[in-house]
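Structure data (mmCIF, C-alpha atoms) from coords_3.cif:
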```cif
data_final
loop_
_atom_site.label_atom_id
_atom_site.label_comp_id
_atom_site.auth_asym_id
_atom_site.auth_seq_id
_atom_site.Cartn_x
_atom_site.Cartn_y
_atom_site.Cartn_z
CA MET A 1 -20.86 -2.31 9.43
CA THR A 2 -23.20 -1.94 6.47
CA ALA A 3 -23.69 -3.94 3.32
CA ASP A 4 -23.32 -0.99 1.03
CA ALA A 5 -20.41 1.03 2.33
CA PRO A 6 -20.09 4.24 0.31
CA SER A 7 -17.31 4.83 -2.15
CA ALA A 8 -14.47 7.09 -1.12
CA PRO A 9 -15.81 10.63 -0.90
CA ASP A 10 -14.56 13.42 -3.06
CA ALA A 11 -11.57 15.20 -1.59
CA PRO A 12 -12.70 17.92 0.78
CA SER A 13 -12.17 21.48 -0.27
CA ALA A 14 -9.39 23.63 1.10
CA PRO A 15 -10.11 25.65 4.21
CA ASP A 16 -10.76 29.35 3.71
CA ALA A 17 -7.96 30.35 6.05
CA PRO A 18 -4.56 28.83 6.79
CA SER A 19 -4.92 25.93 9.16
CA ALA A 20 -3.28 25.77 12.56
CA PRO A 21 -0.16 23.68 12.98
CA PHE A 22 -1.18 20.06 12.71
CA VAL A 23 -0.94 17.84 15.80
CA PRO A 24 -2.01 14.21 15.38
CA GLY A 25 -4.48 12.63 17.70
CA ALA A 26 -4.92 9.08 18.84
CA ALA A 27 -7.11 6.76 16.79
CA PRO A 28 -8.54 4.27 19.27
CA VAL A 29 -10.23 1.22 17.80
CA PRO A 30 -13.86 1.01 19.00
CA ALA A 31 -14.36 -1.56 21.71
CA GLU A 32 -17.06 -3.38 19.76
CA LEU A 33 -14.65 -3.80 16.84
CA LEU A 34 -12.05 -5.33 19.14
CA VAL A 35 -14.71 -7.81 20.24
CA GLU A 36 -15.30 -8.74 16.60
CA ALA A 37 -11.54 -9.02 16.07
CA ASP A 38 -11.23 -11.40 19.02
CA LEU A 39 -14.03 -13.53 17.60
CA LEU A 40 -12.37 -13.76 14.19
CA THR A 41 -8.96 -14.43 15.75
CA ARG A 42 -10.36 -17.34 17.75
CA THR A 43 -12.62 -18.88 15.11
CA LEU A 44 -11.82 -18.02 11.51
CA VAL A 45 -8.15 -17.03 11.44
CA PRO A 46 -6.79 -20.41 12.62
CA LEU A 47 -8.83 -22.18 9.93
CA VAL A 48 -7.51 -19.87 7.23
CA ASN A 49 -3.94 -20.36 8.40
CA ARG A 50 -4.37 -24.15 8.24
CA PHE A 51 -5.78 -24.01 4.73
CA ARG A 52 -3.21 -21.58 3.29
CA ALA A 53 -0.44 -23.89 4.50
CA ARG A 54 -1.87 -26.56 2.18
CA GLN A 55 -1.74 -24.29 -0.89
CA GLN A 56 0.92 -23.75 -3.52
CA ASP A 57 1.93 -20.23 -4.52
CA ASP A 58 -0.58 -20.24 -7.40
CA GLY A 59 -3.38 -21.02 -4.96
CA THR A 60 -3.84 -24.66 -5.92
CA VAL A 61 -3.89 -27.50 -3.39
CA THR A 62 -1.74 -30.44 -4.48
CA ASP A 63 -3.33 -33.86 -3.93
CA ALA A 64 -6.33 -32.26 -2.26
CA THR A 65 -8.23 -34.48 0.15
CA ALA A 66 -11.75 -34.54 1.48
CA ALA A 67 -10.37 -32.93 4.64
CA ASP A 68 -9.14 -29.96 2.57
CA ALA A 69 -12.58 -29.51 1.03
CA ASP A 70 -14.24 -29.80 4.43
CA LEU A 71 -11.85 -27.21 5.88
CA LEU A 72 -12.58 -24.77 3.05
CA GLY A 73 -16.30 -25.35 3.57
CA ARG A 74 -15.95 -24.49 7.28
CA ILE A 75 -14.07 -21.33 6.34
CA ARG A 76 -16.79 -20.39 3.85
CA ASP A 77 -19.59 -20.94 6.34
CA THR A 78 -17.84 -19.17 9.22
CA ALA A 79 -16.87 -16.14 7.15
CA ALA A 80 -20.25 -15.92 5.37
CA ALA A 81 -22.06 -16.02 8.72
CA TRP A 82 -19.82 -13.23 10.01
CA TYR A 83 -20.43 -11.18 6.86
CA ARG A 84 -24.19 -11.54 7.16
CA ARG A 85 -24.25 -10.80 10.89
CA ASN A 86 -22.47 -7.53 10.13
CA GLY A 87 -24.76 -6.53 7.26
CA LEU A 88 -22.36 -7.54 4.46
CA GLY A 89 -24.67 -9.85 2.55
CA ASP A 90 -23.17 -9.03 -0.83
CA GLN A 91 -19.73 -10.14 0.29
CA ALA A 92 -21.19 -13.28 1.85
CA ASP A 93 -22.98 -14.21 -1.39
CA ALA A 94 -19.85 -13.58 -3.43
CA LEU A 95 -17.68 -15.68 -1.12
CA VAL A 96 -20.11 -18.60 -1.13
CA ALA A 97 -20.31 -18.54 -4.95
CA ASP A 98 -16.52 -18.36 -5.33
CA VAL A 99 -15.82 -21.18 -2.87
CA ASP A 100 -18.52 -23.44 -4.28
CA ALA A 101 -17.24 -22.92 -7.83
CA TRP A 102 -13.70 -23.76 -6.72
CA LEU A 103 -14.84 -26.89 -4.91
CA ALA A 104 -16.77 -27.96 -8.00
CA ALA A 105 -13.73 -27.39 -10.24
CA GLY A 106 -11.42 -29.13 -7.78
CA LEU A 107 -8.91 -27.59 -5.41
CA GLY A 108 -6.15 -28.62 -7.79
CA SER A 109 -7.38 -25.84 -10.09
CA ARG A 110 -6.43 -22.23 -9.61
CA PRO A 111 -8.94 -20.26 -7.53
CA HIS A 112 -11.13 -17.64 -9.22
CA PHE A 113 -12.44 -15.13 -6.67
CA ALA A 114 -13.50 -12.30 -8.96
CA ARG A 115 -16.89 -12.11 -7.26
CA SER A 116 -15.31 -11.55 -3.86
CA ARG A 117 -12.85 -9.08 -5.34
CA ASP A 118 -15.62 -7.04 -6.91
CA ALA A 119 -18.00 -7.24 -3.93
CA LEU A 120 -15.52 -5.53 -1.64
CA ARG A 121 -16.71 -1.99 -1.02
CA VAL A 122 -14.57 0.90 0.14
CA PRO A 123 -15.26 1.74 3.80
CA ALA A 124 -15.79 5.34 4.79
CA ASP A 125 -13.19 6.97 7.01
CA GLY A 126 -13.63 5.59 10.52
CA GLU A 127 -15.39 2.41 9.34
CA PRO A 128 -14.06 -1.16 9.40
CA VAL A 129 -13.47 -3.47 6.44
CA PHE A 130 -13.23 -7.27 6.36
CA PHE A 131 -12.07 -9.37 3.42
CA LEU A 132 -11.41 -13.05 2.73
CA ALA A 133 -9.97 -14.42 -0.53
CA PRO A 134 -6.86 -16.00 -2.02
CA VAL A 135 -4.68 -12.91 -2.39
CA GLN A 136 -1.05 -12.13 -3.13
CA THR A 137 0.30 -10.67 0.12
CA THR A 138 3.31 -8.99 -1.43
CA ASN A 139 6.40 -8.74 0.83
CA SER A 140 4.79 -10.87 3.51
CA ALA A 141 6.67 -13.59 5.38
CA PRO A 142 7.12 -16.70 3.19
CA PRO A 143 5.32 -18.53 1.80
CA VAL A 144 3.88 -15.79 -0.40
CA GLY A 145 1.46 -16.45 -3.23
CA LYS A 146 -2.20 -16.46 -4.13
CA ARG A 147 -3.03 -18.13 -0.82
CA LEU A 148 -6.21 -17.78 1.21
CA ASP A 149 -5.96 -14.87 3.62
CA CYS A 150 -8.23 -12.55 5.55
CA PHE A 151 -8.03 -9.27 7.42
CA LEU A 152 -10.11 -6.97 9.57
CA ALA A 153 -8.97 -3.35 9.51
CA LEU A 154 -10.14 0.15 10.38
CA ARG A 155 -9.95 2.92 7.82
CA LYS A 156 -8.15 5.90 9.36
CA GLU A 157 -7.24 8.69 6.98
CA PRO A 158 -4.60 11.18 8.12
CA ASP A 159 -6.03 14.01 10.15
CA ALA A 160 -4.30 16.41 7.76
CA LEU A 161 -6.17 15.06 4.71
CA ALA A 162 -8.47 18.09 4.40
CA GLN A 163 -5.46 20.38 4.35
CA MET A 164 -3.63 18.13 1.87
CA ALA A 165 -6.61 17.89 -0.45
CA GLY A 166 -6.70 21.67 -0.69
CA ASP A 167 -2.97 22.21 -1.14
CA PHE A 168 -2.36 19.13 -3.30
CA PRO A 169 -5.61 18.17 -5.05
CA HIS A 170 -6.01 14.55 -6.06
CA PRO A 171 -8.34 14.19 -9.05
CA LYS A 172 -9.19 10.51 -8.52
CA ASN A 173 -8.25 9.48 -5.00
CA ASN A 174 -9.13 5.81 -4.54
CA CYS A 175 -6.62 4.94 -1.79
CA GLN A 176 -7.52 3.99 1.75
CA ALA A 177 -5.24 4.22 4.80
CA LEU A 178 -5.88 1.33 7.21
CA VAL A 179 -4.97 0.16 10.68
CA LEU A 180 -4.76 -3.65 10.69
CA ILE A 181 -6.65 -5.12 13.63
CA THR A 182 -6.41 -8.85 12.99
CA GLY A 183 -5.74 -11.18 10.12
CA SER A 184 -4.30 -14.44 8.90
CA GLU A 185 -0.58 -14.99 8.47
CA GLY A 186 -0.24 -13.29 5.08
CA PHE A 187 -1.34 -10.00 6.61
CA ALA A 188 -0.47 -10.42 10.29
CA HIS A 189 3.10 -11.59 9.58
CA GLY A 190 5.70 -9.85 7.46
CA ALA A 191 5.78 -6.56 5.61
CA CYS A 192 2.74 -6.73 3.32
CA LEU A 193 1.34 -3.20 3.18
CA VAL A 194 -1.13 -3.30 0.29
CA VAL A 195 -4.29 -4.87 -1.10
CA PHE A 196 -5.13 -4.09 -4.72
CA PRO A 197 -7.90 -5.73 -6.77
CA GLU A 198 -5.23 -7.23 -9.02
CA ASN A 199 -3.72 -9.04 -6.01
CA VAL A 200 -6.83 -11.23 -5.69
CA ALA A 201 -6.62 -14.62 -7.42
CA ALA A 202 -8.85 -14.51 -10.49
CA HIS A 203 -8.80 -15.67 -14.11
CA ASP A 204 -9.75 -12.30 -15.57
CA LYS A 205 -7.63 -9.15 -15.64
CA VAL A 206 -8.52 -6.05 -13.66
CA THR A 207 -9.47 -3.12 -15.87
CA GLU A 208 -9.96 -0.56 -13.11
CA GLN A 209 -8.81 -0.10 -9.55
CA PRO A 210 -11.74 0.90 -7.32
CA TYR A 211 -9.71 0.45 -4.12
CA ALA A 212 -6.10 0.47 -2.99
CA MET A 213 -5.85 -0.39 0.69
CA PHE A 214 -2.67 0.35 2.64
CA PHE A 215 -1.89 -0.97 6.13
CA PHE A 216 0.07 2.09 7.20
CA GLY A 217 -0.23 1.08 10.84
CA LYS A 218 2.48 -1.51 10.16
CA MET A 219 5.00 1.06 8.98
CA ARG A 220 6.79 2.05 12.16
CA LYS A 221 7.88 -1.47 13.07
CA ILE A 222 8.88 -2.25 9.47
CA HIS A 223 10.84 0.97 9.10
CA GLU A 224 12.78 0.64 12.33
CA THR A 225 13.42 -3.08 11.98
CA TYR A 226 14.64 -3.16 8.38
CA ALA A 227 15.21 0.24 6.77
CA LEU A 228 17.34 1.79 9.50
CA PRO A 229 19.78 -1.13 9.97
CA ALA A 230 20.09 -1.55 6.20
CA ALA A 231 21.03 2.12 5.83
CA ALA A 232 23.34 2.12 8.87
CA ALA A 233 25.39 -0.65 7.25
CA VAL A 234 26.07 1.58 4.24
CA LEU A 235 26.11 5.21 5.45
CA THR A 236 28.40 7.14 7.75
CA PRO A 237 26.67 7.79 11.09
CA GLU A 238 26.63 11.56 10.68
CA SER A 239 24.96 11.34 7.25
CA LEU A 240 22.31 8.76 8.16
CA PRO A 241 18.85 10.35 7.81
CA ARG A 242 17.26 10.41 11.26
CA ALA A 243 14.07 12.47 11.05
CA SER A 244 11.98 9.32 10.65
CA THR A 245 13.67 7.50 13.55
CA GLY A 246 11.95 6.97 16.90
CA LEU A 247 8.65 8.56 15.89
CA ALA A 248 5.60 8.31 18.10
CA ALA A 249 3.25 5.69 16.69
CA ASP A 250 0.55 8.13 15.60
CA VAL A 251 3.08 10.53 14.06
CA CYS A 252 4.61 7.71 12.01
CA TYR A 253 1.15 6.69 10.85
CA GLU A 254 0.24 10.22 9.82
CA ALA A 255 3.54 10.77 8.02
CA ARG A 256 3.28 7.51 6.10
CA ALA A 257 -0.35 8.09 5.20
CA ILE A 258 0.43 11.58 3.91
CA TRP A 259 3.30 10.14 1.88
CA GLY A 260 0.82 7.63 0.45
CA TYR A 261 -1.64 10.38 -0.47
CA LEU A 262 0.99 12.56 -2.12
CA HIS A 263 2.60 9.61 -3.91
CA ASP A 264 -0.71 8.53 -5.40
CA SER A 265 -1.73 12.05 -6.38
CA MET A 266 1.53 12.50 -8.29
CA HIS A 267 0.63 9.54 -10.53
CA TYR A 268 -2.07 11.72 -12.05
CA GLN A 269 0.19 14.65 -12.93
CA GLY A 270 1.99 15.37 -16.18
CA LEU A 271 1.62 14.38 -19.82
CA TRP A 272 1.11 10.65 -19.31
CA PRO A 273 -1.15 10.33 -16.23
CA PHE A 274 -1.50 6.85 -14.76
CA ASP A 275 -5.28 6.59 -15.07
CA GLU A 276 -5.17 7.28 -18.82
CA ASN A 277 -2.19 4.98 -19.45
CA ILE A 278 -2.67 2.06 -17.07
CA SER A 279 -1.47 -0.63 -19.48
CA LEU A 280 1.64 1.36 -20.36
CA LYS A 281 2.49 2.20 -16.76
CA MET A 282 2.21 -1.49 -15.81
CA ASN A 283 5.19 -2.25 -18.05
CA TRP A 284 8.11 -3.24 -15.78
CA PHE A 285 10.55 -0.64 -17.09
CA VAL A 286 8.02 2.17 -17.43
CA GLY A 287 6.51 1.43 -14.04
CA LEU A 288 9.89 1.39 -12.32
CA LEU A 289 10.68 4.88 -13.59
CA GLU A 290 7.17 6.04 -12.72
CA GLU A 291 7.45 4.90 -9.09
CA ILE A 292 10.72 6.74 -8.63
CA LYS A 293 9.29 9.82 -10.29
CA VAL A 294 6.24 10.10 -8.04
CA ASP A 295 8.29 9.54 -4.89
CA ALA A 296 10.78 12.15 -6.10
CA MET A 297 7.90 14.58 -6.66
CA THR A 298 6.63 13.78 -3.16
CA VAL A 299 10.02 14.53 -1.64
CA LEU A 300 10.23 17.81 -3.53
CA ALA A 301 6.73 18.79 -2.42
CA CYS A 302 7.85 18.18 1.17
CA ALA A 303 11.09 20.11 0.69
CA ASP A 304 9.82 23.06 -1.33
CA SER A 305 6.22 23.85 -0.48
CA GLY A 306 6.24 24.48 3.25
CA LEU A 307 2.71 23.05 3.24
CA VAL A 308 3.26 19.38 4.07
CA PRO A 309 3.00 18.19 7.70
CA PHE A 310 5.94 16.07 8.83
CA ALA A 311 7.94 17.03 5.74
CA ASP A 312 11.39 16.06 7.05
CA GLU A 313 10.04 12.81 8.47
CA GLN A 314 8.59 11.90 5.09
CA ILE A 315 11.74 12.82 3.15
CA ASP A 316 13.94 10.64 5.33
CA MET A 317 11.42 7.82 5.41
CA ILE A 318 11.20 7.79 1.62
CA LEU A 319 14.98 7.82 1.18
CA LEU A 320 15.53 5.05 3.73
CA GLU A 321 12.69 2.85 2.50
CA ARG A 322 13.23 3.26 -1.22
CA VAL A 323 17.03 3.07 -1.38
CA PHE A 324 17.90 0.81 1.53
CA ARG A 325 14.96 -1.40 2.56
CA TYR A 326 13.41 -2.35 -0.77
CA PRO A 327 16.59 -3.97 -2.18
CA GLN A 328 16.66 -6.43 0.76
CA ALA A 329 13.93 -8.61 -0.78
CA ASP A 330 14.90 -12.23 -1.44
CA ASP A 331 13.70 -11.84 -5.02
CA ALA A 332 15.33 -8.42 -5.42
CA THR A 333 16.48 -9.02 -9.00
CA ARG A 334 12.89 -9.78 -9.99
CA ASN A 335 11.16 -7.47 -7.53
CA PHE A 336 9.78 -4.22 -8.90
CA ASP A 337 10.25 -2.15 -5.74
CA SER A 338 13.76 -3.51 -5.20
CA GLY A 339 14.67 -2.37 -8.70
CA THR A 340 13.58 1.18 -7.92
CA GLY A 341 15.87 1.28 -4.88
CA VAL A 342 18.90 -0.11 -6.69
CA PHE A 343 18.32 2.29 -9.60
CA LEU A 344 18.01 5.26 -7.26
CA TYR A 345 21.18 4.25 -5.39
CA SER A 346 23.16 4.42 -8.64
CA TRP A 347 21.43 7.65 -9.65
CA PHE A 348 22.55 9.20 -6.36
CA ARG A 349 26.07 7.88 -6.87
CA GLU A 350 26.22 9.39 -10.34
CA HIS A 351 24.92 12.76 -9.13
CA GLY A 352 27.25 13.09 -6.13
CA ALA A 353 24.66 12.40 -3.43
CA LEU A 354 26.36 9.21 -2.17
CA ILE A 355 30.06 9.91 -1.76
CA GLY A 356 32.95 7.57 -1.04
CA SER A 357 34.10 4.07 -1.88
CA PRO A 358 32.33 1.00 -0.51
CA GLU A 359 35.41 -1.15 -1.11
CA ASP A 360 36.88 -2.92 1.92
CA GLY A 361 33.88 -2.01 4.05
CA GLY A 362 34.12 1.73 3.55
CA LEU A 363 30.97 3.67 4.39
CA LEU A 364 29.33 6.16 2.05
CA ARG A 365 28.30 9.68 2.99
CA LEU A 366 24.82 10.79 2.00
CA ASP A 367 24.74 14.45 1.01
CA ARG A 368 21.11 15.31 1.66
CA ALA A 369 21.14 18.57 -0.30
CA ARG A 370 22.64 16.83 -3.31
CA ALA A 371 20.11 14.03 -2.94
CA LEU A 372 17.29 16.56 -3.25
CA GLU A 373 18.92 18.09 -6.32
CA ALA A 374 19.44 14.63 -7.82
CA LEU A 375 15.73 13.95 -7.39
CA ARG A 376 14.93 17.30 -8.98
CA THR A 377 17.14 16.36 -11.93
CA TYR A 378 15.42 12.99 -12.16
CA VAL A 379 11.97 14.57 -12.37
CA THR A 380 13.20 16.99 -15.05
CA THR A 381 14.71 14.08 -16.98
CA MET A 382 11.47 12.11 -16.85
CA GLU A 383 9.36 15.10 -17.85
CA LYS A 384 11.66 15.62 -20.84
CA LEU A 385 11.33 11.97 -21.83
CA GLU A 386 7.55 12.13 -21.56
CA ALA A 387 7.45 15.26 -23.69
CA GLU A 388 9.57 13.66 -26.42
CA VAL A 389 7.80 10.31 -26.85
CA THR A 390 4.60 10.13 -28.87
CA THR A 391 3.60 6.46 -28.71
CA ASP A 392 3.42 3.72 -26.08
CA ASP A 393 6.05 1.69 -27.91
CA GLU A 394 8.43 4.64 -27.99
CA TYR A 395 7.86 5.27 -24.27
CA ARG A 396 8.57 1.61 -23.44
CA SER A 397 11.71 1.60 -25.56
CA ARG A 398 13.08 4.78 -24.03
CA ALA A 399 12.22 3.59 -20.52
CA LYS A 400 14.03 0.28 -21.01
CA GLU A 401 17.06 2.08 -22.38
CA MET A 402 17.16 4.41 -19.36
CA VAL A 403 16.72 1.60 -16.83
CA ARG A 404 19.40 -0.52 -18.43
CA ARG A 405 21.97 2.24 -17.90
CA TYR A 406 21.69 1.54 -14.17
CA LEU A 407 20.28 -2.00 -13.93
CA PRO A 408 22.21 -4.32 -16.27
CA GLU A 409 20.77 -7.51 -17.76
CA GLY A 410 20.58 -10.39 -15.33
CA GLU A 411 20.49 -14.17 -15.59
CA PRO A 412 17.55 -15.82 -17.38
CA GLY A 413 14.42 -15.28 -15.32
CA GLN A 414 15.85 -12.21 -13.59
CA ARG A 415 15.02 -8.61 -14.43
CA TYR A 416 18.51 -7.29 -13.72
CA ALA A 417 21.76 -8.04 -11.90
CA PHE A 418 23.45 -6.14 -9.08
CA THR A 419 26.70 -4.47 -10.07
CA GLU A 420 29.64 -4.79 -7.70
CA ASP A 421 29.06 -1.24 -6.49
CA GLN A 422 25.34 -1.85 -5.94
CA ARG A 423 25.99 -4.91 -3.79
CA VAL A 424 26.93 -2.59 -0.93
CA LEU A 425 23.18 -2.26 -0.40
CA LEU A 426 23.08 -5.89 0.75
CA ARG A 427 25.58 -5.59 3.60
CA ALA A 428 22.94 -6.00 6.29
CA LYS A 429 20.86 -8.60 4.44
CA ALA A 430 22.27 -11.68 6.15
CA ASP A 431 21.57 -10.20 9.59
CA LEU A 432 18.10 -9.02 8.56
CA ASP A 433 17.26 -12.43 7.10
CA ARG A 434 17.93 -14.03 10.48
CA LEU A 435 15.27 -11.90 12.17
CA PRO A 436 11.93 -13.60 12.85
CA PRO A 437 9.01 -12.33 10.78
CA LEU A 438 7.32 -9.27 12.20
CA GLU A 439 3.94 -9.91 13.74
CA PHE A 440 1.06 -7.44 13.81
CA ALA A 441 -2.14 -7.70 15.76
CA ARG A 442 -4.61 -5.82 17.91
CA ALA A 443 -4.55 -2.55 16.00
CA GLU A 444 -0.87 -2.01 16.48
CA TRP A 445 0.21 1.29 14.95
#
```

Step by step, read the file and then write its structure as structure tokens.
Amino acid sequence: MTADAPSAPDAPSAPDAPSAPFVPGAAPVPAELLVEADLLTRTLVPLVNRFRARQQDDGTVTDATAADADLLGRIRDTAAAWYRRNGLGDQADALVADVDAWLAAGLGSRPHFARSRDALRVPADGEPVFFLAPVQTTNSAPPVGKRLDCFLALRKEPDALAQMAGDFPHPKNNCQALVLITGSEGFAHGACLVVFPENVAAHDKVTEQPYAMFFFGKMRKIHETYALPAAAAVLTPESLPRASTGLAADVCYEARAIWGYLHDSMHYQGLWPFDENISLKMNWFVGLLEEIKVDAMTVLACADSGLVPFADEQIDMILLERVFRYPQADDATRNFDSGTGVFLYSWFREHGALIGSPEDGGLLRLDRARALEALRTYVTTMEKLEAEVTTDDEYRSRAKEMVRRYLPEGEPGQRYAFTEDQRVLLRAKADLDRLPPLEFARAEW
């Protein structure tokens, strides 16, 4: 590991000739990295787990004691020594400064780890990355908040990236596909897949996003544990999408990583690209429509181009994850991703892609061809909206109006309420909630 890991390289150019059919290969974690993982798992991770259990969701420690301060000091010293031993002096210095400032302010104050956030450098493909900070581990096992967490991961881009970069250029690719090797409970338990700079506890607001790290190695277990049962409780057996079921670990990783690449590249297409309209696209209503749009564009690229490896696997994975898994969140009526799934469910119902009556336990039939056409119609609808609006305020107003046609107003503090028809999506929730949190360790795909 080096102190100054390079930024993500420019996308490689397309090959001169058509590539051979893609076959994924294994991605073994280097033995020396497993040794480092074992060391962190034995020494640092237990300390971090003890400390995060003392925190509130905003990162503060209520009625902090001298023992809490001593524990945080041990975490600082252990992690900083590990950073320095692996040539990551900048991250060590940032961590020490952030921890010392927090201790000086008092652990009852909210943590401010902007230095650690900004010192994190993007690893090159095939290189490891380690990070420690209070960070929002979205969709992890409760408790979730700006609690202290750490992870060690290996960057492993899909083997098909060179082909994808030629066929589907990404003008500003800043995403990293990772295999989680070890980590504290926020990362090693539950379904947290992402680390963004804005997830790190800090007083200032992020103005750019130099990294977006995705633990795609966790996807297979998440998909099979939650998405498939949630869909099976709603859909007729013959119409249940199955191309993403029972995938080999490396195939699932490749398919999910390619989905991630395509999804992110689609954010930069069209009249209102994400990078030029970050503040606008962070609006809850605008962002919800944007997320559905880029996944719809990804599905259509898989269905229409003939250029995307694992196209059917990605289509079915996207449909199952977006429509059936995301709405299972405990905070679904406040959760951004859940809202996209509930919206898309009703969009499919309206466009004849989900057929039947859910009353009295009736199952719905998913018409896959109509689902693809419904997504095509959605993209056309969004492109028309974006062509007609001329200001941010007009965009926000139109987006809210469109979302409210499918997601009605909810109770105070909620973004929306489930309609009676939409509640069919929650049939499996009670059973899924009884499952123990998923656990990930030792570079599990």

(message) When the PyMOL selection byres ((chain A and resi 228) around 10) is applied to the structure above, which residues does it catch, written out as an NGL selection string?
(response) :A and (222-227 or 229-233 or 240-242 or 244-245 or 317 or 320-321 or 324-325)

Which range 104-148 of chain A residues have any atom within 9 Å of an atom of range 43-63 of chain A, and for each, what is the nearest pair of atoms with distance in Å to one decimal, counting only C-alpha atoms, rows sorted by chain and number, as CSV?
```
residue,atom,partner,partner_atom,distance
A:Gly106,CA,A:Val61,CA,8.9
A:Leu107,CA,A:Val61,CA,5.4
A:Gly108,CA,A:Thr60,CA,5.0
A:Ser109,CA,A:Thr60,CA,5.6
A:Arg110,CA,A:Thr60,CA,5.1
A:Pro111,CA,A:Gly59,CA,6.2
A:Pro134,CA,A:Gly59,CA,6.8
A:Val135,CA,A:Gly59,CA,8.6
A:Gln136,CA,A:Asp57,CA,8.7
A:Pro143,CA,A:Asp57,CA,7.4
A:Val144,CA,A:Asp57,CA,6.4
A:Gly145,CA,A:Asp57,CA,4.0
A:Lys146,CA,A:Gly59,CA,4.8
A:Arg147,CA,A:Gly59,CA,5.1
A:Leu148,CA,A:Arg52,CA,5.3
```

(message) For this structure, which residues satisfy the selection - the PyMOL selection byres ((chain A and resi 254) around 8) - when it is evaluated on the file as given? I want them as a list in words.
(response)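 Taken over the shown coordinates, the PyMOL selection byres ((chain A and resi 254) around 8) returns Pro24, Pro158, Asp159, Ala160, Asp250, Val251, Cys252, Tyr253, Ala255, Arg256, Ala257 and Ile258 of chain A.
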
Output the selection as a compact mmCIF listing (two decimals), keeping the file's coordinate frame - C-alpha atoms for each residue.
```
# COMPACT_ATOMS: atom_id res chain seq x y z
CA PRO A 24 -2.01 14.21 15.38
CA PRO A 158 -4.60 11.18 8.12
CA ASP A 159 -6.03 14.01 10.15
CA ALA A 160 -4.30 16.41 7.76
CA ASP A 250 0.55 8.13 15.60
CA VAL A 251 3.08 10.53 14.06
CA CYS A 252 4.61 7.71 12.01
CA TYR A 253 1.15 6.69 10.85
CA ALA A 255 3.54 10.77 8.02
CA ARG A 256 3.28 7.51 6.10
CA ALA A 257 -0.35 8.09 5.20
CA ILE A 258 0.43 11.58 3.91
```

(request) Might you pull out every residue within 8 Å of range 280-291 of chain A, with only C-alpha atoms counted and same-chain residues fewer than 2 positions away left off, and present them as a PyMOL selection string? (result) chain A and resi 267+274+277-278+293-295+336-337+339-340+382+392+395-396+399-400+403

Please produce an output containing C-alpha atoms for each residue in the selection, written as a short mmCIF file (atom, residue, chain, number, x, y, z; two decimals), keeping the file's coordinate frame.
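Produced file result.cif, reproduced below:
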```
data_model
loop_
_atom_site.label_atom_id
_atom_site.label_comp_id
_atom_site.auth_asym_id
_atom_site.auth_seq_id
_atom_site.Cartn_x
_atom_site.Cartn_y
_atom_site.Cartn_z
CA HIS A 267 0.63 9.54 -10.53
CA PHE A 274 -1.50 6.85 -14.76
CA ASN A 277 -2.19 4.98 -19.45
CA ILE A 278 -2.67 2.06 -17.07
CA LYS A 293 9.29 9.82 -10.29
CA VAL A 294 6.24 10.10 -8.04
CA ASP A 295 8.29 9.54 -4.89
CA PHE A 336 9.78 -4.22 -8.90
CA ASP A 337 10.25 -2.15 -5.74
CA GLY A 339 14.67 -2.37 -8.70
CA THR A 340 13.58 1.18 -7.92
CA MET A 382 11.47 12.11 -16.85
CA ASP A 392 3.42 3.72 -26.08
CA TYR A 395 7.86 5.27 -24.27
CA ARG A 396 8.57 1.61 -23.44
CA ALA A 399 12.22 3.59 -20.52
CA LYS A 400 14.03 0.28 -21.01
CA VAL A 403 16.72 1.60 -16.83
#
```

(request) I would like the residues chosen by the PyMOL selection byres ((chain A and resi 432) around 10) on the shown file; could you give them as a ChimeraX atom specification? (result) /A:225-227,229-230,328,426-431,433-437

(request) Pick out the residues sitting within 12 Å of Trp82 in chain A, and hand them over as a ChimeraX atom specification; count all atoms listed in the file, and ignore anything fewer than 5 positions along from it in its own chain. (result) /A:1,36-37,39-40,43-44,75-77,87-89,91-93,95,130-132,152

(request) For CA of Met213 in chain A and CA of Ile315 in chain A, quote the distance in Å rounded to one decimal. (result) 22.1 Å

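Shortest separation to Phe168 in chain A among A:Asp125, A:Asp312, A:Asp264, A:Asp100 occurs at residue A:Asp264, atoms counted being only C-alpha atoms.
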
(request) Tell me which of A:Glu373, A:Asp316, A:Glu401, A:Asp331 sits closest to Asp304 in chain A, counting only C-alpha atoms. (result) A:Glu373

(message) So that I can check the surroundings of Ala94 in chain A, please list as an MDAnalysis selection string every protein, DNA and RNA residue that reaches within 8 Å of it, counting all atoms listed in the file and ignoring chain neighbours fewer than 4 positions away.
(response) chainID A and resid 90 98 115:116 119

Deliver the residues from the most recent selection as a file, using C-alpha atoms, as a compact mmCIF listing (two decimals), keeping the file's coordinate frame.
```
# COMPACT_ATOMS: atom_id res chain seq x y z
CA ASP A 90 -23.17 -9.03 -0.83
CA ASP A 98 -16.52 -18.36 -5.33
CA ARG A 115 -16.89 -12.11 -7.26
CA SER A 116 -15.31 -11.55 -3.86
CA ALA A 119 -18.00 -7.24 -3.93
```

(message) Between CA of Gly341 in chain A and CA of Tyr326 in chain A, what distance in Å does the model show, to one decimal?
(response)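 These two atoms are separated by 6.0 Å.
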
(message) To one decimal place in Å, what is the distance between CA of Asn173 in chain A and CA of Leu262 in chain A?
(response) 10.2 Å

(message) Residues within 10 Å of Ala191 in chain A, please, as a list in words. Count all atoms listed in the file; anything in the same chain fewer than 6 positions from it doesn't count.
(response)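 Selected residues are Thr137, Thr138, Asn139, Ser140, Ala141, Phe215, Lys218, Met219, Lys221, Ile222, His223, Tyr226, Pro437, Leu438, Glu439 and Phe440 of chain A.
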